[in-house]
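Visitor: Sharing target-v3.txt here; it has compact mmCIF, C-alpha atoms and all ligand atoms.
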```
# COMPACT_ATOMS: atom_id res chain seq x y z
CA MET A 1 0.00 0.00 0.00
CA ALA A 2 2.88 2.37 0.84
CA LEU A 3 4.38 1.67 -2.57
CA PHE A 4 1.18 2.60 -4.41
CA GLU A 5 0.66 5.72 -2.33
CA SER A 6 4.25 6.72 -3.14
CA LEU A 7 3.53 6.16 -6.83
CA GLY A 8 0.64 8.63 -6.64
CA VAL A 9 -2.24 6.16 -6.32
CA PRO A 10 -4.23 6.91 -3.14
CA LEU A 11 -5.94 3.81 -1.74
CA LYS A 12 -9.08 3.16 0.30
CA THR A 13 -9.92 0.20 2.52
CA GLU A 14 -13.46 -1.18 2.43
CA ARG A 15 -15.32 -3.75 4.53
CA GLY A 16 -13.43 -7.04 4.84
CA ARG A 17 -10.04 -5.25 4.53
CA ARG A 18 -10.56 -4.98 0.78
CA VAL A 19 -8.27 -2.35 -0.71
CA PHE A 20 -8.97 -0.38 -3.90
CA PRO A 21 -7.66 2.77 -5.59
CA VAL A 22 -9.72 5.77 -4.43
CA SER A 23 -10.47 6.34 -8.13
CA ASP A 24 -11.84 2.76 -8.45
CA LYS A 25 -9.83 2.56 -11.69
CA ALA A 26 -7.68 -0.52 -12.33
CA SER A 27 -5.95 1.48 -15.08
CA ASP A 28 -4.40 3.73 -12.39
CA ILE A 29 -2.66 0.66 -10.94
CA VAL A 30 -1.44 -0.48 -14.37
CA ARG A 31 -0.13 3.00 -15.21
CA ALA A 32 1.67 3.33 -11.87
CA LEU A 33 3.34 -0.08 -12.19
CA THR A 34 4.35 0.51 -15.82
CA ARG A 35 5.93 3.86 -14.91
CA TYR A 36 7.63 2.32 -11.88
CA ALA A 37 9.11 -0.46 -14.04
CA ARG A 38 10.34 1.98 -16.71
CA ASP A 39 11.81 4.36 -14.11
CA SER A 40 13.61 1.39 -12.54
CA GLY A 41 15.34 0.67 -15.85
CA ALA A 42 13.20 -2.18 -17.14
CA VAL A 43 12.86 -2.48 -20.91
CA LEU A 44 9.30 -3.32 -21.91
CA VAL A 45 8.89 -5.41 -25.02
CA ARG A 46 5.49 -5.91 -26.56
CA ALA A 47 5.39 -9.43 -27.93
CA GLU A 48 3.51 -12.67 -27.48
CA VAL A 49 5.51 -15.53 -26.02
CA THR A 50 4.85 -18.75 -27.91
CA GLY A 51 7.18 -21.10 -26.06
CA ILE A 52 10.06 -21.50 -23.64
CA GLU A 53 13.29 -23.11 -24.78
CA THR A 54 15.41 -25.35 -22.58
CA ALA A 55 18.61 -27.39 -22.87
CA ASP A 56 19.92 -29.90 -20.35
CA GLY A 57 17.15 -29.13 -17.85
CA ALA A 58 17.73 -25.35 -17.86
CA VAL A 59 15.97 -22.51 -19.63
CA THR A 60 17.84 -20.95 -22.54
CA GLY A 61 15.32 -18.47 -23.97
CA VAL A 62 11.77 -17.71 -25.07
CA LEU A 63 10.19 -17.74 -28.50
CA THR A 64 8.01 -14.76 -29.30
CA ARG A 65 5.69 -13.48 -31.95
CA SER A 66 5.77 -9.72 -32.42
CA VAL A 67 2.47 -7.94 -31.83
CA GLY A 68 3.80 -4.68 -33.22
CA GLU A 69 1.31 -2.25 -31.67
CA GLY A 70 2.46 0.82 -29.61
CA GLY A 71 3.39 0.80 -25.93
CA GLY A 72 7.08 0.17 -25.49
CA GLN A 73 9.55 -1.31 -27.87
CA THR A 74 8.46 -3.79 -30.46
CA ALA A 75 10.13 -7.16 -30.57
CA SER A 76 12.62 -7.14 -33.35
CA GLY A 77 13.19 -10.86 -33.64
CA ASP A 78 11.36 -14.04 -32.88
CA GLU A 79 13.26 -15.10 -29.80
CA PHE A 80 14.99 -13.87 -26.70
CA HIS A 81 18.21 -15.77 -26.59
CA PRO A 82 20.17 -16.50 -24.53
CA ALA A 83 18.22 -16.12 -21.30
CA ASP A 84 19.41 -17.66 -18.08
CA ALA A 85 16.13 -16.98 -16.28
CA VAL A 86 12.48 -16.91 -17.35
CA ILE A 87 9.52 -16.03 -15.10
CA ILE A 88 6.12 -17.37 -16.10
CA ALA A 89 3.64 -14.68 -14.95
CA THR A 90 0.92 -15.14 -17.53
CA GLY A 91 -2.05 -14.98 -15.14
CA GLY A 92 -5.02 -17.33 -15.12
CA MET A 93 -7.49 -18.09 -17.88
CA SER A 94 -10.42 -15.90 -16.94
CA TYR A 95 -11.18 -12.64 -18.76
CA PRO A 96 -9.18 -13.71 -21.86
CA GLY A 97 -9.71 -10.20 -23.25
CA THR A 98 -7.04 -9.01 -20.77
CA GLY A 99 -4.47 -11.25 -22.49
CA SER A 100 -4.46 -14.08 -19.95
CA ARG A 101 -5.70 -17.04 -21.94
CA GLY A 102 -3.91 -19.77 -20.03
CA ASP A 103 -0.71 -19.87 -22.11
CA GLY A 104 1.42 -20.22 -18.97
CA TYR A 105 -0.27 -23.53 -18.10
CA ARG A 106 0.70 -24.83 -21.52
CA PHE A 107 4.32 -23.66 -21.12
CA ALA A 108 4.54 -25.18 -17.63
CA ARG A 109 3.08 -28.52 -18.78
CA ALA A 110 5.49 -28.66 -21.73
CA LEU A 111 8.35 -28.35 -19.25
CA GLY A 112 7.08 -31.21 -17.11
CA HIS A 113 5.11 -29.28 -14.47
CA THR A 114 1.79 -30.48 -13.09
CA VAL A 115 -1.19 -28.15 -13.55
CA THR A 116 -4.00 -28.89 -11.08
CA PRO A 117 -7.59 -28.79 -12.46
CA LEU A 118 -8.63 -25.29 -13.54
CA SER A 119 -12.03 -23.87 -12.63
CA PRO A 120 -13.67 -20.48 -12.09
CA SER A 121 -13.58 -18.80 -8.68
CA LEU A 122 -15.01 -15.44 -7.64
CA VAL A 123 -17.65 -15.86 -10.28
CA ALA A 124 -21.34 -15.14 -10.69
CA LEU A 125 -23.71 -18.03 -10.01
CA ARG A 126 -26.54 -19.22 -12.21
CA THR A 127 -29.72 -20.00 -10.34
CA ALA A 128 -32.09 -22.91 -10.95
CA CYS A 129 -35.04 -20.51 -10.67
CA ASP A 130 -35.84 -17.79 -13.22
CA VAL A 131 -34.62 -14.43 -11.90
CA SER A 132 -34.69 -12.59 -15.24
CA SER A 133 -37.35 -10.20 -13.89
CA LEU A 134 -34.82 -9.04 -11.28
CA GLU A 135 -31.94 -8.38 -13.69
CA GLY A 136 -29.99 -5.29 -12.70
CA LEU A 137 -31.47 -5.08 -9.19
CA SER A 138 -28.82 -4.64 -6.50
CA LEU A 139 -29.38 -5.26 -2.81
CA ARG A 140 -27.35 -3.61 -0.06
CA ASN A 141 -27.04 -4.67 3.57
CA VAL A 142 -28.36 -8.16 3.05
CA THR A 143 -26.87 -11.33 4.49
CA LEU A 144 -26.07 -14.13 2.07
CA THR A 145 -25.82 -17.62 3.51
CA LEU A 146 -24.51 -20.35 1.22
CA ARG A 147 -25.55 -23.79 2.33
CA LYS A 148 -24.84 -27.22 0.94
CA ARG A 149 -28.34 -28.56 0.49
CA GLY A 150 -29.61 -30.30 3.59
CA GLY A 151 -26.36 -29.63 5.35
CA ARG A 152 -23.75 -27.25 6.50
CA VAL A 153 -23.34 -23.52 5.97
CA VAL A 154 -20.17 -22.87 3.95
CA TYR A 155 -20.33 -19.08 3.78
CA GLU A 156 -22.23 -16.28 5.50
CA GLU A 157 -21.64 -12.56 5.13
CA LEU A 158 -23.37 -9.20 5.18
CA GLY A 159 -22.93 -6.96 2.14
CA GLU A 160 -24.06 -6.23 -1.40
CA MET A 161 -25.25 -8.46 -4.24
CA LEU A 162 -27.04 -8.05 -7.53
CA PHE A 163 -29.12 -10.02 -10.01
CA THR A 164 -28.08 -10.92 -13.55
CA ASP A 165 -30.33 -12.22 -16.32
CA ASP A 166 -29.80 -15.80 -15.18
CA GLY A 167 -28.50 -15.64 -11.64
CA ILE A 168 -26.80 -13.68 -8.90
CA SER A 169 -23.55 -11.73 -8.70
CA GLY A 170 -21.91 -8.86 -6.80
CA PRO A 171 -19.31 -8.88 -3.99
CA LEU A 172 -21.14 -11.31 -1.65
CA VAL A 173 -21.83 -13.82 -4.42
CA LEU A 174 -18.30 -13.69 -5.86
CA SER A 175 -16.85 -14.42 -2.43
CA ALA A 176 -19.43 -17.15 -1.77
CA SER A 177 -18.53 -18.85 -5.07
CA ALA A 178 -15.04 -19.54 -3.76
CA HIS A 179 -16.63 -21.93 -1.21
CA ILE A 180 -18.47 -24.11 -3.74
CA GLU A 181 -16.96 -27.45 -4.68
CA ASP A 182 -16.09 -27.47 -8.39
CA SER A 183 -17.92 -30.68 -9.16
CA SER A 184 -21.29 -29.96 -7.61
CA PRO A 185 -22.50 -26.33 -7.72
CA GLU A 186 -26.06 -27.64 -8.15
CA LEU A 187 -26.02 -28.94 -4.58
CA TYR A 188 -25.93 -25.46 -3.02
CA ASP A 189 -28.59 -22.92 -2.02
CA ALA A 190 -28.02 -19.19 -1.60
CA GLU A 191 -30.30 -17.90 1.17
CA ILE A 192 -30.80 -14.15 1.41
CA ASP A 193 -31.82 -12.46 4.65
CA LEU A 194 -33.37 -9.25 3.32
CA LYS A 195 -33.63 -7.72 6.79
CA PRO A 196 -30.55 -8.84 8.73
CA GLY A 197 -30.80 -5.84 11.07
CA LEU A 198 -34.23 -6.91 12.38
CA ASP A 199 -34.87 -10.03 14.40
CA GLU A 200 -38.07 -11.94 13.67
CA ALA A 201 -40.10 -10.36 16.49
CA THR A 202 -39.13 -6.81 15.46
CA LEU A 203 -39.72 -7.54 11.78
CA GLY A 204 -43.10 -9.09 12.65
CA ARG A 205 -44.13 -5.87 14.43
CA ARG A 206 -42.85 -3.82 11.48
CA ILE A 207 -44.95 -5.85 9.02
CA LEU A 208 -48.02 -5.44 11.23
CA SER A 209 -47.59 -1.69 11.41
CA ASP A 210 -47.11 -1.41 7.63
CA PHE A 211 -50.19 -3.56 7.08
CA ALA A 212 -52.19 -1.34 9.46
CA LYS A 213 -51.05 1.67 7.42
CA TYR A 214 -51.94 0.05 4.08
CA GLN A 215 -54.95 -2.07 5.16
CA ASN A 216 -57.04 -1.13 2.13
CA ARG A 217 -54.34 -1.89 -0.43
CA ASN A 218 -53.56 -5.14 -2.23
CA LEU A 219 -50.56 -7.05 -0.91
CA CYS A 220 -48.51 -6.13 -4.01
CA ASN A 221 -48.94 -2.45 -3.16
CA ALA A 222 -48.25 -2.73 0.55
CA LEU A 223 -44.59 -3.76 0.70
CA ASN A 224 -42.93 -0.69 -0.81
CA ASP A 225 -41.59 0.53 2.54
CA LEU A 226 -39.86 -2.80 3.10
CA LEU A 227 -38.64 -3.88 -0.36
CA PRO A 228 -37.40 -2.39 -3.64
CA SER A 229 -40.39 -2.34 -5.99
CA LYS A 230 -38.65 -4.58 -8.56
CA LEU A 231 -38.36 -7.34 -5.97
CA ILE A 232 -41.97 -7.27 -4.74
CA PRO A 233 -43.68 -9.50 -7.38
CA TYR A 234 -40.88 -12.08 -7.13
CA PHE A 235 -40.97 -11.96 -3.32
CA ILE A 236 -44.73 -12.49 -3.13
CA ALA A 237 -44.53 -15.40 -5.59
CA ALA A 238 -41.68 -16.94 -3.58
CA ALA A 239 -43.87 -16.74 -0.46
CA GLY A 240 -46.69 -18.42 -2.38
CA ALA A 241 -49.05 -15.55 -1.56
CA ASP A 242 -51.73 -13.91 -3.71
CA PRO A 243 -50.44 -10.49 -4.85
CA HIS A 244 -53.98 -9.17 -5.18
CA ILE A 245 -55.26 -10.17 -1.76
CA LYS A 246 -56.49 -7.19 0.33
CA ILE A 247 -54.22 -6.51 3.28
CA ASN A 248 -57.14 -6.60 5.73
CA SER A 249 -57.80 -10.21 4.69
CA VAL A 250 -54.19 -11.45 4.94
CA THR A 251 -54.16 -14.33 7.45
CA LYS A 252 -51.74 -14.78 10.33
CA GLU A 253 -50.35 -17.82 8.49
CA THR A 254 -49.63 -15.75 5.35
CA ARG A 255 -47.94 -13.11 7.52
CA ARG A 256 -45.76 -15.82 9.02
CA VAL A 257 -44.73 -17.08 5.57
CA LEU A 258 -43.96 -13.52 4.44
CA LEU A 259 -41.83 -13.02 7.53
CA GLU A 260 -39.94 -16.25 6.81
CA THR A 261 -39.40 -15.16 3.21
CA PHE A 262 -37.94 -11.84 4.37
CA LYS A 263 -35.47 -13.74 6.52
CA ARG A 264 -34.77 -16.55 4.05
CA LEU A 265 -35.32 -15.98 0.33
CA VAL A 266 -33.82 -19.08 -1.27
CA PHE A 267 -32.09 -19.26 -4.66
CA PRO A 268 -31.05 -22.83 -5.57
CA ILE A 269 -27.77 -22.73 -7.52
CA ARG A 270 -27.58 -24.39 -10.92
CA ASP A 271 -24.01 -23.66 -12.04
CA PHE A 272 -21.06 -21.29 -12.07
CA ALA A 273 -21.03 -18.61 -14.79
CA PRO A 274 -18.34 -19.44 -17.41
CA ILE A 275 -14.64 -19.22 -16.45
CA ALA A 276 -14.20 -16.38 -18.99
CA GLN A 277 -16.30 -14.25 -16.60
CA ALA A 278 -14.53 -15.31 -13.41
CA VAL A 279 -12.41 -12.80 -11.49
CA VAL A 280 -9.85 -15.48 -10.75
CA THR A 281 -8.87 -18.98 -11.85
CA ARG A 282 -8.78 -21.72 -9.25
CA GLY A 283 -6.04 -24.30 -9.83
CA GLY A 284 -2.74 -23.87 -11.65
CA VAL A 285 0.90 -24.88 -11.43
CA ASP A 286 1.26 -27.25 -8.48
CA VAL A 287 2.80 -25.38 -5.54
CA ARG A 288 4.73 -28.49 -4.53
CA GLU A 289 6.85 -28.07 -7.65
CA ILE A 290 7.82 -24.49 -6.76
CA ASP A 291 10.32 -23.47 -4.05
CA PRO A 292 8.33 -20.96 -1.95
CA GLY A 293 11.50 -19.16 -0.82
CA THR A 294 12.57 -18.21 -4.34
CA MET A 295 9.57 -19.06 -6.57
CA ALA A 296 12.00 -21.23 -8.57
CA SER A 297 10.82 -24.31 -10.41
CA ARG A 298 11.96 -27.47 -8.70
CA LEU A 299 12.08 -29.14 -12.13
CA VAL A 300 13.73 -26.71 -14.56
CA SER A 301 16.76 -24.58 -13.73
CA GLY A 302 16.28 -20.85 -14.29
CA LEU A 303 12.49 -21.10 -14.46
CA TYR A 304 10.37 -19.10 -11.98
CA PHE A 305 6.66 -18.54 -11.43
CA ALA A 306 4.64 -15.59 -10.18
CA GLY A 307 0.96 -14.73 -9.78
CA GLU A 308 -2.26 -16.39 -10.74
CA VAL A 309 -0.64 -19.04 -12.97
CA ILE A 310 0.28 -20.78 -9.68
CA ASP A 311 -2.36 -22.89 -7.90
CA VAL A 312 -3.31 -20.11 -5.46
CA ASP A 313 -6.41 -17.95 -5.30
CA ALA A 314 -8.04 -15.67 -2.77
CA TYR A 315 -10.92 -13.24 -2.25
CA THR A 316 -11.39 -10.12 -4.31
CA GLY A 317 -10.28 -6.79 -2.83
CA GLY A 318 -6.55 -6.90 -3.38
CA PHE A 319 -5.72 -10.36 -2.05
CA ASN A 320 -5.07 -11.88 -5.49
CA LEU A 321 -3.11 -8.82 -6.52
CA GLN A 322 -1.09 -9.14 -3.30
CA ILE A 323 -0.29 -12.74 -4.24
CA ALA A 324 0.82 -11.54 -7.68
CA PHE A 325 2.91 -8.67 -6.25
CA SER A 326 4.56 -10.75 -3.49
CA THR A 327 5.40 -13.73 -5.67
CA GLY A 328 6.44 -11.33 -8.46
CA VAL A 329 8.91 -9.48 -6.23
CA ARG A 330 10.35 -12.75 -4.96
CA ALA A 331 10.55 -14.34 -8.43
CA GLY A 332 12.12 -11.19 -9.90
CA ALA A 333 14.79 -10.89 -7.23
CA SER A 334 15.56 -14.62 -7.45
CA ALA A 335 15.75 -14.58 -11.26
CA ALA A 336 18.14 -11.61 -11.13
CA SER A 337 20.45 -13.30 -8.63
CA GLY A 338 20.03 -16.86 -9.84
CA ALA A 339 18.65 -17.89 -6.44
CA GLY A 340 17.00 -21.28 -6.37
CA ALA A 341 18.33 -22.26 -9.80
CA LYS A 342 19.61 -25.81 -9.87
CA LYS A 343 23.29 -26.01 -10.77
C1 LIG A 401 -12.70 -8.06 -13.53
C2 LIG A 401 -11.63 -8.45 -12.55
C3 LIG A 401 -11.62 -7.86 -11.30
C4 LIG A 401 -10.64 -8.22 -10.37
N1 LIG A 401 -10.65 -7.63 -9.15
C5 LIG A 401 -9.69 -7.96 -8.27
C6 LIG A 401 -9.65 -7.32 -7.02
O1 LIG A 401 -10.46 -6.45 -6.71
N2 LIG A 401 -8.67 -7.69 -6.16
C7 LIG A 401 -7.76 -8.66 -6.46
O2 LIG A 401 -6.90 -8.96 -5.64
N3 LIG A 401 -7.80 -9.29 -7.63
C8 LIG A 401 -8.72 -8.95 -8.55
N4 LIG A 401 -8.73 -9.58 -9.75
C9 LIG A 401 -7.75 -10.64 -9.99
C10 LIG A 401 -6.39 -10.07 -10.31
O3 LIG A 401 -6.53 -9.07 -11.33
C11 LIG A 401 -5.45 -11.17 -10.80
O4 LIG A 401 -5.41 -12.23 -9.86
C12 LIG A 401 -4.04 -10.63 -10.97
O5 LIG A 401 -4.02 -9.58 -11.91
C13 LIG A 401 -3.10 -11.73 -11.44
O6 LIG A 401 -1.88 -11.14 -11.73
P1 LIG A 401 -0.88 -11.86 -12.71
O7 LIG A 401 0.25 -10.89 -12.90
O8 LIG A 401 -0.58 -13.22 -12.23
O9 LIG A 401 -1.66 -12.03 -14.08
P2 LIG A 401 -2.37 -10.94 -15.01
O10 LIG A 401 -2.64 -9.68 -14.30
O11 LIG A 401 -3.49 -11.68 -15.66
O12 LIG A 401 -1.25 -10.62 -16.08
C14 LIG A 401 -0.80 -11.60 -16.98
C15 LIG A 401 -0.21 -10.88 -18.16
O13 LIG A 401 0.47 -11.84 -18.98
C16 LIG A 401 0.17 -11.53 -20.31
N5 LIG A 401 0.31 -12.77 -21.09
C17 LIG A 401 -0.40 -13.92 -20.99
N6 LIG A 401 0.03 -14.81 -21.88
C18 LIG A 401 1.06 -14.22 -22.55
C19 LIG A 401 1.91 -14.63 -23.60
N7 LIG A 401 1.82 -15.86 -24.15
N8 LIG A 401 2.85 -13.76 -24.06
C20 LIG A 401 2.96 -12.52 -23.54
N9 LIG A 401 2.19 -12.07 -22.54
C21 LIG A 401 1.24 -12.91 -22.07
C22 LIG A 401 -1.25 -11.01 -20.31
O14 LIG A 401 -1.46 -10.23 -21.45
C23 LIG A 401 -1.26 -10.21 -19.04
O15 LIG A 401 -0.86 -8.88 -19.28
C24 LIG A 401 -9.67 -9.20 -10.71
C25 LIG A 401 -9.68 -9.79 -11.97
C26 LIG A 401 -10.66 -9.43 -12.88
C27 LIG A 401 -10.65 -10.08 -14.24
```
For the file at hand, write its structure as structure tokens.
Ligand SMILES: Cc1cc2nc3c(=O)[nH]c(=O)nc-3n(C[C@H](O)[C@H](O)[C@H](O)COP(=O)(O)OP(=O)(O)OC[C@H]3O[C@@H](n4cnc5c(N)ncnc54)[C@H](O)[C@@H]3O)c2cc1C

Guide:
Amino acid sequence: MALFESLGVPLKTERGRRVFPVSDKASDIVRALTRYARDSGAVLVRAEVTGIETADGAVTGVLTRSVGEGGGQTASGDEFHPADAVIIATGGMSYPGTGSRGDGYRFARALGHTVTPLSPSLVALRTACDVSSLEGLSLRNVTLTLRKRGGRVVYEELGEMLFTDDGISGPLVLSASAHIEDSSPELYDAEIDLKPGLDEATLGRRILSDFAKYQNRNLCNALNDLLPSKLIPYFIAAAGADPHIKINSVTKETRRVLLETFKRLVFPIRDFAPIAQAVVTRGGVDVREIDPGTMASRLVSGLYFAGEVIDVDAYTGGFNLQIAFSTGVRAGASAASGAGAKK
């Protein structure tokens, strides 16, 4: 954080110790790091790496394909040769538009490394029920509980979420997704407490007072003080109530079901959204094949790893970037000094 502040990028810390630029612009971080690298004497070459060359168990260079567009020097040839150290820092395979398409996994595999199964993490979830009518709606100060059906709670947090055309997303949902087993997303339910600040007795009194106020309205027109209007039709249907019933004929039993629905609106999960839309890739180069002190490959001399290409992932809010920065600093220093390289 001190580094970024010194590079002219003020930071803010949000709930859950999540750190962001005050500007909320990722491009500020990229610009600061690019300037920092250039000012430190690094030469930036814009080229696509197509392979890593080795001889006798040690790296000797990388093959590249020039991409020719502005932003630093353009690669003049097709290889960087000789090189006594290469760092694979190609990121994961989500958001391929950012350039990380999973090439590093291919390079690592070709050199004998194990890549653990790759799957999306910090990703939107598709629901088994139709939520298309709620698309674009965001909810603040709700509690999301993720439960393995018929069993244990795997995640519970207060925060913000939103609805997509076929499911749920937003900070709470992205974090919750990291707790779902890859093979069985359809076994989980997301339960939303729409009124986490009110216990059942208080909420019950609040519903009664609203119903007294709106006793001549239909149910669908009596919940506006408690819910965003876009959610009301869905909420009433989820409670199994008649939207057109007059408030003064709502039974105690219906009130009880409405109360339960406020405290536990259930969205059965069908699937993860595709990995291309995931914030981070779960899985990667097996950490057992990397020396954690130097980030050096235990298999190929002069080869190092940094960032998301490694089998590590964490919550959003700077934790993945911290992994990338910390492993990057260590890999860079080791590559420069030859630390960890097998003789
Ligand atoms: C929308 C979004 C939001 C995110 N929000 C957060 C957040 O709030 N907090 C957080 O901690 N993390 C966040 N992340 C995750 C975080 O950005 C990544 O974990 C982190 O950037 C990984 O760093 P990296 O250097 O390993 O890889 P990347 O940042 O992916 O960089 C890899 C680079 O390698 C280049 N590359 C790949 N293949 C080749 C090749 N063959 N030749 C040449 N170059 C190549 C790519 O072009 C890319 O520039 C977010 C990610 C996304 C997509």

Visitor: Can you work out the spacing between atom CA of A:Asn221 and atom CA of A:Thr261 in Å, to one decimal?

Guide: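 Straight-line distance from atom CA of A:Asn221 to atom CA of A:Thr261 works out to 17.1 Å.
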
Visitor: Using only C-alpha atoms and all ligand atoms, which of A:Asp103, A:Glu14, A:Asp193, A:Asp271 sits nearest ligand LIG 401 (chain A)?

Guide: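 Selected residue with least distance to ligand LIG 401 (chain A): A:Asp103.
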
Visitor: At most 12 Å from (-17.3, -22.3, -2.4), file frame, only C-alpha atoms: which residues, as a ChimeraX atom specification?

Guide: /A:119-125,145-148,153-156,172-190,269,271-272,282,314-315

Visitor: Check which residues of chain A sit at most 6 Å from ligand LIG 401 (chain A) using all atoms listed in the file, and return one row each with the closest pair of atoms and their distance in Å to one decimal, ordered by chain and rising number, as CSV.

Guide:
```
residue,atom,partner,partner_atom,distance
A:Ala47,CA,A:LIG401,C20,5.9
A:Glu48,CA,A:LIG401,N8,3.6
A:Val49,CA,A:LIG401,N8,3.7
A:Thr50,CA,A:LIG401,N7,5.6
A:Ala89,CA,A:LIG401,O8,5.2
A:Thr90,CA,A:LIG401,O13,3.6
A:Gly91,CA,A:LIG401,O9,3.2
A:Gly92,CA,A:LIG401,O11,5.9
A:Tyr95,CA,A:LIG401,C27,5.2
A:Thr98,CA,A:LIG401,O14,5.8
A:Gly99,CA,A:LIG401,O14,3.3
A:Ser100,CA,A:LIG401,C17,4.2
A:Asp103,CA,A:LIG401,N6,5.1
A:Val279,CA,A:LIG401,C26,4.0
A:Val280,CA,A:LIG401,C9,5.3
A:Gly307,CA,A:LIG401,O8,3.3
A:Glu308,CA,A:LIG401,O8,3.9
A:Val309,CA,A:LIG401,O8,5.9
A:Thr316,CA,A:LIG401,N2,4.1
A:Gly317,CA,A:LIG401,N2,3.8
A:Gly318,CA,A:LIG401,O2,3.1
A:Phe319,CA,A:LIG401,O2,4.0
A:Asn320,CA,A:LIG401,O2,3.4
A:Leu321,CA,A:LIG401,O2,3.9
A:Ala324,CA,A:LIG401,O6,4.9
```

Visitor: Which residue, A:Asp210, A:Asp165, A:Glu200, A:Glu191, has the smallest gap to A:Leu265 when you use only C-alpha atoms?

Guide: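 Of A:Asp210, A:Asp165, A:Glu200, A:Glu191, the one nearest A:Leu265, counting only C-alpha atoms, is A:Glu191.
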
Visitor: Do you have the atom CA of A:Ala108-atom CA of A:Ser27 distance handy?

Guide: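 Separation of atom CA of A:Ala108 and atom CA of A:Ser27: 28.8 Å.
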
Visitor: Just need the box for stretch 277-296 of chain A, edges along x, y and z, holding every atom the file lists for it with 5 Å tacked onto each side, so centre and edge lengths in Å to one decimal, as lines of an AutoDock Vina configuration file.

Guide:
```
center_x = -1.9
center_y = -20.6
center_z = -8.7
size_x = 38.9
size_y = 25.7
size_z = 25.8
```

Visitor: Can you find the residues with an atom no farther than 12 Å from (-9.7, -0.8, 1.0), counting all atoms listed in the file, and report them as a CSV table (one decimal) with C-alpha atoms, in the coordinates of the input?

Guide:
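Now in part-v9.csv:
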```
chain,number,residue,atom,x,y,z
A,1,MET,CA,0.0,0.0,0.0
A,10,PRO,CA,-4.2,6.9,-3.1
A,11,LEU,CA,-5.9,3.8,-1.7
A,12,LYS,CA,-9.1,3.2,0.3
A,13,THR,CA,-9.9,0.2,2.5
A,14,GLU,CA,-13.5,-1.2,2.4
A,15,ARG,CA,-15.3,-3.8,4.5
A,16,GLY,CA,-13.4,-7.0,4.8
A,17,ARG,CA,-10.0,-5.2,4.5
A,18,ARG,CA,-10.6,-5.0,0.8
A,19,VAL,CA,-8.3,-2.4,-0.7
A,20,PHE,CA,-9.0,-0.4,-3.9
A,21,PRO,CA,-7.7,2.8,-5.6
A,22,VAL,CA,-9.7,5.8,-4.4
A,23,SER,CA,-10.5,6.3,-8.1
A,24,ASP,CA,-11.8,2.8,-8.4
A,316,THR,CA,-11.4,-10.1,-4.3
A,317,GLY,CA,-10.3,-6.8,-2.8
A,318,GLY,CA,-6.6,-6.9,-3.4
A,319,PHE,CA,-5.7,-10.4,-2.0
```

Visitor: What is the distance, in Å and to one decimal place, between atom CA of A:Ala110 and atom CA of A:Gly51?

Guide: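 Separation of atom CA of A:Ala110 and atom CA of A:Gly51: 8.9 Å.
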
Visitor: Do a neighbour search on A:Val86 at 10 Å with only C-alpha atoms, toss out local chain neighbours closer than 3 positions, and write the hits as a ChimeraX atom specification.

Guide: /A:52-53,58-62,83,89,296,301-305,331-332,335-336

Visitor: Looking at A:Val312, A:Arg217, A:Gln322, A:Pro292, which one is nearest to A:Ala339, with distances taken over all atoms listed in the file?

Guide: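 For A:Ala339, the nearest of the given residues is A:Pro292.
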
Visitor: Could you pull the residues within 9 Å of A:Asp242, counting all atoms listed in the file, minus those fewer than 4 positions along the same chain, as a list in words?

Guide: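 In the requested format, the answer is Leu219, Cys220, Ile236 and Ala237 of chain A.
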
Visitor: When you count all atoms listed in the file, which of these residues is closest to A:Thr164: A:Tyr234, A:Leu226, A:Ala273, A:Ala241?

Guide: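 Nearest candidate to A:Thr164 out of A:Tyr234, A:Leu226, A:Ala273, A:Ala241: A:Ala273.
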
Visitor: Would you please work out which residue, of A:Val45, A:Leu139, A:Ile29, A:Leu7, is nearest to A:Phe325 when using only C-alpha atoms?

Guide: A:Ile29

Visitor: I'd like to know which of A:Leu144, A:Val329, A:Ala32, A:Val300 is closest to A:Phe107, using only C-alpha atoms.

Guide: A:Val300
